[in-house]
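Read the structure below first, then the notes.
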Amino acid sequence: MNKIMYLEFERCIGCRACQAACRECGDHDAKERNYVEYVDFTESRQTYPMLCMQCKDPACARVCPANAIQITDEGVVLSAMEEKCIGCRNCTFGCPFGIPKFDFEENKMYKCDMCYDRSKHDIAPMCASVCPSDAIRFIDFDEMQQLRRKRSQMNLVEGKKPQEGNKWDYVPEFFGVYTD
Amino acid sequence: MSQFLAKEGVKNLHKPGEKLITTHCCYCGMQCGMHIRVNEKSGKVVGVEPRYDWPVTNGKMCPKGVTAYQTIEHEDRILKPLIKRNGKLVEASWKEALDLIEKNFKKLQKESGKDAVAVFGGVSMTNEKCYLVGKYARVGLGTRFIDYNGRFCMSSAAGGFIRTLGTDRGSTLPWPELEHTDCFFIAGSNTAECHPTSIQWLWKAKDKGAKLIVADPRETPTARVADVHLDLKPGTDSALANGMLHIIVKEGYVDEEYVSERCNNYEELKKTIEKFTPEYTSQLTGVAVEKIIKAAHIFGMSPRSVVMFARGVEQQTKGVDNVSLYTTMALLRGQIGKFASGVATFTGQGNGQGGREHGQKADLLPGYRKLTDPAAVEYVSSVWGIDPSEMPKPGVSAYEMFDEIEQGNIRGMHVICSNPAVSAPNLEHIWKGFEKLDFLVVSDFFLSETAQFADVVLPATTWAEDDGTTTNLEGRVIRIRKIREPLGESQPDWKILSMIAERMGRGQFFPYNNASEIFEEFRLASKGGKADYYGITWDRIDREDGVFWPCPSKDHPGTPTMFTESFGTPDGKANLACIEWQEAGETPTNQFPLFLTTGRVVFHYLSGNQTRRVNFLYEQCPEPYAEIHPALASQYNIHDGEQVKLVSPRSHMVVKTRITKAIRKDTVFVPYHWGKELAVNQLTSDHLDPYSRMPEFKVCSLKIEKL
C-alpha cells in the first residue's frame, strides 16, 4: 500500500457519510469506527471528521498488556485480536484521539482498520470513497506533500493565521496519516 | 481472495459469492452512481459499493445514498394491499382491493362526472412511471384533475426558465464542467446538505482559484466557505438580484455583443434596475452594502461563471421572478451556452427533471407539450390511440386540488408515490381535505402519513425492483436497474396503474408487459416536443454514460450544453427579466414579528417516509428543531435544547431549540421532514406563485412562545 489517508477539515460538510459508509465494511458489524464532531455548533457549522491516525508507535498498542493490537506490514493498526484481548480497556484510555471503542455486549474492542480488506489492494477505504466533499482522501504520499505545500502557500497569501479570540474560526486544515 | 472489476484504473471490491448491480441512488436529483451488492445464491441485497467510474459523482455518496439499499428489504414494507375496515387498515387480496377501487371510482364518476376522481403523482419515480401517471389520469380515468408533488419542488424553476430562456432544462451545462468554472453564484441552496455530492466540483474549482458567492439567510455549510455570504432577509431575492444587475450594468461588466445578439429587453432592463443602487438594495435585503458590491465585482469580473439556485428562491410567491432575475445575471455576462458556465437549478427530487416533462403537470402533455395547444393534443392523442376530443382540459395545481376537494368537485383521489400529508403547505387544510374525500387510494411501499388517511393502500415496489430511466439534475437520462424481484405481493407502479385502467374499461390503452415497452411509447410521445427523448434508448444510455435531452434522433449525440446557438423562445432570443421588487406573501407583523423558513437536513429526504425508517439516518436526526440566533434566544430567555412553541397565523407546534450564530437574528429555521404534530408545514402559508402555483414554503411570519 503506497497511499495515505489525508484529511482536510475545512472541507467537511458534516454529512456523516463517512460514518454511514464505515458501517458498510464487511466485518464492522454495522458499527462505525470514525466520528464527526462540531467544532462549536453555537458559533458555526464547522465540523471535522475524526479517524484513527494509524500512529507509527500507537499508544493503544503500547498500553495493551496482552499484546492484542497488531500492526500490519503496511502500518495499519488493527482492532484487538479477540483471542488475546482481556477486556481491560487500556487502549480506550490510552488513545489521545478516543478512537478505540469497547463493545460490552460482545466483550471486544473495535477500532478503524482503514478498511484493510480494501486498502491493502489500494482501494480507498469506504469513508474516503464516499466522502462527498473530499474532506477525507486516500491519495499518494507525493500528492499529499504537494497539497500541503500548496495550502501553506495559500494560507500565507490569504493571511490565514490563528489568533487569540478567533479560535473558533480556526481549525487545523491538514494532516496526513501515513504509513510509508 | 478478492476479485476486482476493473475499468481503466478504477477498481471495485468484488467479494466472492456476490454480484454488483450498477444503478443510481433513489433520492435527490444528483442520482449518484452506485453498485448494489447482491448475494448470488439468495438474491438478497447485502450492501453497497461506490461506483468510481460514474462521471458525475466519481463514487461519492451522501449518508442517504450509502444507506439507500436498506429500504429495499425493510421490515416496514407493505407487502399486501390494505383496506380500511372499521377505521383500521387491514390486509386484503389484490382482487378485493381492485374490486373496491373499481366500484368506488365508477360510482363517484357516475354521480359527479369524470373529474370527480383526481390523481396526485410524484417525481421520485422513473420517467416511464411518470409518463404513465399522466396517461392513466387522462386516458385511464378520463379526469382533468392531475398534478404532482413537483409542484412543491421545481415548478418555479420551470416557469422562470421557460419565461427567460424558452426551454426548461434544469442545468444548461454538464456537471463535470463545473471544475473549470471561475465563479459560483449560489442562491437559496444549501448545496452541502441537500446535494452533497455536488460539493466536490465546487472544491475542485476552488482549488484552482474559483470564487464562491452564496445568498442565503442561514450560514449553511456551503455559505460557511463562501468568499462572500449575502445573508439576505427571507423573500428578498428579487431585490438582491436587481441590485446585482444594477452594479453589473453600471460597472460595465455586461457582455454587450452577446446581449445585443441574443437577448431582448435590454433597454427596458436598464430602466428597471436604475433605482437598485447598492444602498437601496441593502435597505431592502438587509445585506451590507460592501458585500453586495464585492459579490457583484467578483461575479462581473469572472470569465466563466455559473449561477445556481434551489428551493430557497423558488419556494416563494415571487419564485418565477427570482429565477428569471438570477438567470438574467448569467445572460448579461453572456454565460449561457458556453463551456463551464451557465445557469442551473438543483433538482430536489430524484426525477424532478424528467417527471415534470412528461404529462404529470395539470397543463402539460408528454415532451413539454401544452394541453391548450390543439396540435399537441392531436399528436399525443394519436400516440395514445384516443380521439382528441376525449383529451381532458387542463386541471389545477397540487395545492389547489385540495380547494377543489373542499368545494366538493373532487371526491376521490389516487396518490402515487407522494406524501402530501407532510410535504404540502398549510397542512390542516390538506388533512381536512383527505378526511373529506369519499374515497382515497394510495400507492406506496411504506405506510406514509398520507397512506394512513387512505381507504385502500396498494403495495408498490421500491426503486430497486423495476427497470427504467430517470433524468438527473444535469438533464442526463440515466438507467435504473432491477436489483431483485418485488417483495411479497408488491407490484411496480406501472402494473398497478394498468390494472386499475383495465378495471375502468380502458385496458386496451395499457397493454404493457414491462417498463421497456412503456419507454418505447414514451419516446414516441415526446418526439418533436421541447423535451425530446426520441433518440434515447436504454442501450445508448448504457454505452454513453447517459444521454442528455433534447435528443431528437438515434444518431443525434444529445445536448450536454444547452442554448449554444439560440434559445428556446419563438424568436430564439432570451428575454431579460425586467421585474420590480415586491414583498413576500406574508411578512412579519407586530403580532408575528419573525420570519420562519424551512428546509432540509442532510440525513433526510422530503417527507422522511423512507429516511426516517433507516436506523443510521434516524439516529443522526430523530426530530425537528428550531435554529435560533443567540441574540433572539436571549431576547426570549430561551436556552439551547429547550422546548418552545412556534406560532404562525395558521397553527402552532412545539420543538426543541438549537441556538447558533449561523442564522439571521430575525429568522427561525425548522426542517420539514416529519409528519403530524412534528410537521412544520402546519405553520407554512398557502400563498402561491401566480405563474407556477408553487407555495411559499420559505417565508412566513412567526412568533415564539416560551413554554
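For the C-alpha cells, the naming scheme is as follows: chains receive sequential letters (A, B, ...) according to their order of presentation, residues are indexed from 1 within each chain, and ligands are indexed from 1 in presentation order.
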
Would you kindly return, as a ChimeraX atom specification, each protein, DNA or RNA residue with an atom no farther than 8 Å from any atom of segment 71-77 of chain B, considering only C-alpha atoms and excluding same-chain residues fewer than 4 positions away? /B:45,67,445-447,462,464,487,610,613-614

From segment 454-507 of chain B, collect each residue whose DSSP state is strand (DSSP E or B) and return the set as a ChimeraX atom specification. /B:456-460,468-471,476-480,491

Please identify every residue of chain B that has at least one atom no more than 8 Å from any atom of chain A, counting only C-alpha atoms, and report them as a ChimeraX atom specification. /B:11-13,47-48,50,59-64,66-67,192-193,196-200,203,219-222,224,602-603,616,630,659-662

Quick one: everything within 6 Å of segment 491-503 of chain B, counting only C-alpha atoms, minus sequence neighbours fewer than 3 positions away in the same chain. Send it as a PDB file with all heavy atoms, in the first residue's frame.
```
ATOM      1  N   GLU B 102     -62.487  -0.155  -8.221  1.00  0.00           N
ATOM      2  CA  GLU B 102     -63.357  -0.095  -9.406  1.00  0.00           C
ATOM      3  C   GLU B 102     -64.749   0.397  -9.019  1.00  0.00           C
ATOM      4  O   GLU B 102     -65.300   1.319  -9.626  1.00  0.00           O
ATOM      5  CB  GLU B 102     -63.442  -1.490 -10.051  1.00  0.00           C
ATOM      6  CG  GLU B 102     -64.304  -1.503 -11.292  1.00  0.00           C
ATOM      7  CD  GLU B 102     -64.504  -2.921 -11.845  1.00  0.00           C
ATOM      8  OE1 GLU B 102     -63.733  -3.831 -11.488  1.00  0.00           O
ATOM      9  OE2 GLU B 102     -65.442  -3.107 -12.629  1.00  0.00           O
ATOM     10  N   LYS B 129     -42.742   5.625 -15.355  1.00  0.00           N
ATOM     11  CA  LYS B 129     -43.892   5.700 -14.445  1.00  0.00           C
ATOM     12  C   LYS B 129     -44.523   7.082 -14.489  1.00  0.00           C
ATOM     13  O   LYS B 129     -45.742   7.221 -14.494  1.00  0.00           O
ATOM     14  CB  LYS B 129     -43.454   5.384 -13.017  1.00  0.00           C
ATOM     15  CG  LYS B 129     -43.066   3.936 -12.802  1.00  0.00           C
ATOM     16  CD  LYS B 129     -42.611   3.727 -11.365  1.00  0.00           C
ATOM     17  CE  LYS B 129     -41.951   2.375 -11.200  1.00  0.00           C
ATOM     18  NZ  LYS B 129     -41.352   2.225  -9.878  1.00  0.00           N
ATOM     19  N   GLY B 140     -56.924   6.576 -18.676  1.00  0.00           N
ATOM     20  CA  GLY B 140     -57.468   5.529 -17.812  1.00  0.00           C
ATOM     21  C   GLY B 140     -58.697   5.994 -17.049  1.00  0.00           C
ATOM     22  O   GLY B 140     -59.713   5.311 -16.997  1.00  0.00           O
ATOM     23  N   ALA B 460     -46.679  -0.853  -3.502  1.00  0.00           N
ATOM     24  CA  ALA B 460     -45.842  -0.606  -4.684  1.00  0.00           C
ATOM     25  C   ALA B 460     -44.433  -1.119  -4.412  1.00  0.00           C
ATOM     26  O   ALA B 460     -44.114  -1.528  -3.299  1.00  0.00           O
ATOM     27  CB  ALA B 460     -45.828   0.881  -4.990  1.00  0.00           C
ATOM     28  N   THR B 461     -43.608  -1.083  -5.439  1.00  0.00           N
ATOM     29  CA  THR B 461     -42.233  -1.568  -5.278  1.00  0.00           C
ATOM     30  C   THR B 461     -41.277  -0.411  -5.040  1.00  0.00           C
ATOM     31  O   THR B 461     -41.590   0.742  -5.332  1.00  0.00           O
ATOM     32  CB  THR B 461     -41.774  -2.309  -6.548  1.00  0.00           C
ATOM     33  OG1 THR B 461     -42.036  -1.456  -7.669  1.00  0.00           O
ATOM     34  CG2 THR B 461     -42.502  -3.614  -6.710  1.00  0.00           C
ATOM     35  N   ARG B 506     -60.506   0.549 -19.663  1.00  0.00           N
ATOM     36  CA  ARG B 506     -59.585   1.195 -20.600  1.00  0.00           C
ATOM     37  C   ARG B 506     -58.313   0.367 -20.789  1.00  0.00           C
ATOM     38  O   ARG B 506     -57.265   0.908 -21.164  1.00  0.00           O
ATOM     39  CB  ARG B 506     -59.208   2.597 -20.100  1.00  0.00           C
ATOM     40  CG  ARG B 506     -60.397   3.487 -19.753  1.00  0.00           C
ATOM     41  CD  ARG B 506     -61.128   3.959 -20.979  1.00  0.00           C
ATOM     42  NE  ARG B 506     -60.492   5.139 -21.547  1.00  0.00           N
ATOM     43  CZ  ARG B 506     -60.899   5.737 -22.651  1.00  0.00           C
ATOM     44  NH1 ARG B 506     -61.923   5.224 -23.326  1.00  0.00           N
ATOM     45  NH2 ARG B 506     -60.294   6.810 -23.117  1.00  0.00           N
ATOM     46  N   GLY B 507     -58.421  -0.908 -20.488  1.00  0.00           N
ATOM     47  CA  GLY B 507     -57.249  -1.777 -20.527  1.00  0.00           C
ATOM     48  C   GLY B 507     -56.549  -1.810 -21.877  1.00  0.00           C
ATOM     49  O   GLY B 507     -55.325  -1.997 -21.951  1.00  0.00           O
ATOM     50  N   PHE B 510     -53.439   0.201 -22.189  1.00  0.00           N
ATOM     51  CA  PHE B 510     -52.328  -0.087 -21.268  1.00  0.00           C
ATOM     52  C   PHE B 510     -51.859  -1.531 -21.440  1.00  0.00           C
ATOM     53  O   PHE B 510     -51.941  -2.338 -20.537  1.00  0.00           O
ATOM     54  CB  PHE B 510     -52.779   0.152 -19.812  1.00  0.00           C
ATOM     55  CG  PHE B 510     -53.113   1.587 -19.520  1.00  0.00           C
ATOM     56  CD1 PHE B 510     -54.352   2.126 -19.866  1.00  0.00           C
ATOM     57  CD2 PHE B 510     -52.178   2.416 -18.900  1.00  0.00           C
ATOM     58  CE1 PHE B 510     -54.656   3.457 -19.609  1.00  0.00           C
ATOM     59  CE2 PHE B 510     -52.484   3.751 -18.645  1.00  0.00           C
ATOM     60  CZ  PHE B 510     -53.710   4.275 -18.995  1.00  0.00           C
TER      61      PHE B 510
END
```

Could you please determine the separation between atom CA of Asp539 of chain B and atom CA of Ser516 of chain B in Å, to one decimal place?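 Atom CA of Asp539 of chain B sits 10.9 Å away from atom CA of Ser516 of chain B.
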
Please list as a VMD selection string every residue within 7 Å of Lys19 of chain B, counting only C-alpha atoms and excluding residues in the same chain fewer than 3 positions away. chain B and resid 37 to 40

For the selection you just gave me, I'd like the residues written to a file as a compact mmCIF listing (two decimals), in the first residue's frame, keeping N, CA and C atoms.
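So result37.txt came out as:
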```txt
# COMPACT_ATOMS: atom_id res chain seq x y z
N ARG B 37 -24.72 -4.45 -3.84
CA ARG B 37 -24.16 -5.80 -3.66
C ARG B 37 -25.29 -6.78 -3.39
N VAL B 38 -25.34 -7.82 -4.19
CA VAL B 38 -26.41 -8.81 -4.05
C VAL B 38 -25.80 -10.18 -3.88
N ASN B 39 -26.31 -10.94 -2.91
CA ASN B 39 -25.84 -12.30 -2.71
C ASN B 39 -26.33 -13.16 -3.87
N GLU B 40 -25.39 -13.83 -4.53
CA GLU B 40 -25.77 -14.57 -5.75
C GLU B 40 -26.73 -15.71 -5.47
```

Within segment 472-528 of chain B, find each residue whose DSSP state, derived from the backbone, is helix (DSSP H, G or I), and express the selection as a list of chain:residue names. B:Asp493, B:Trp494, B:Lys495, B:Ile496, B:Leu497, B:Ser498, B:Met499, B:Ile500, B:Ala501, B:Glu502, B:Arg503, B:Gly507, B:Gln508, B:Phe509, B:Ala515, B:Ser516, B:Glu517, B:Ile518, B:Phe519, B:Glu520, B:Glu521, B:Phe522, B:Arg523, B:Leu524, B:Ala525, B:Ser526

Distance in Å - atom CA of Cys64 of chain A versus atom CA of Cys88 of chain A: 8.3 Å

Any idea what's packed within 7 Å of segment 530-537 of chain B, counting only C-alpha atoms, ignoring anything in its chain fewer than 4 positions away? Could you give it as a list in words?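 The residues satisfying every condition are Thr167, Glu357, Gly367, Tyr368, Arg523, Leu524, Ser526, Ile541, Val547, Trp549, Pro550, Cys551, Pro552, Ser553, Lys554 and His556 of chain B.
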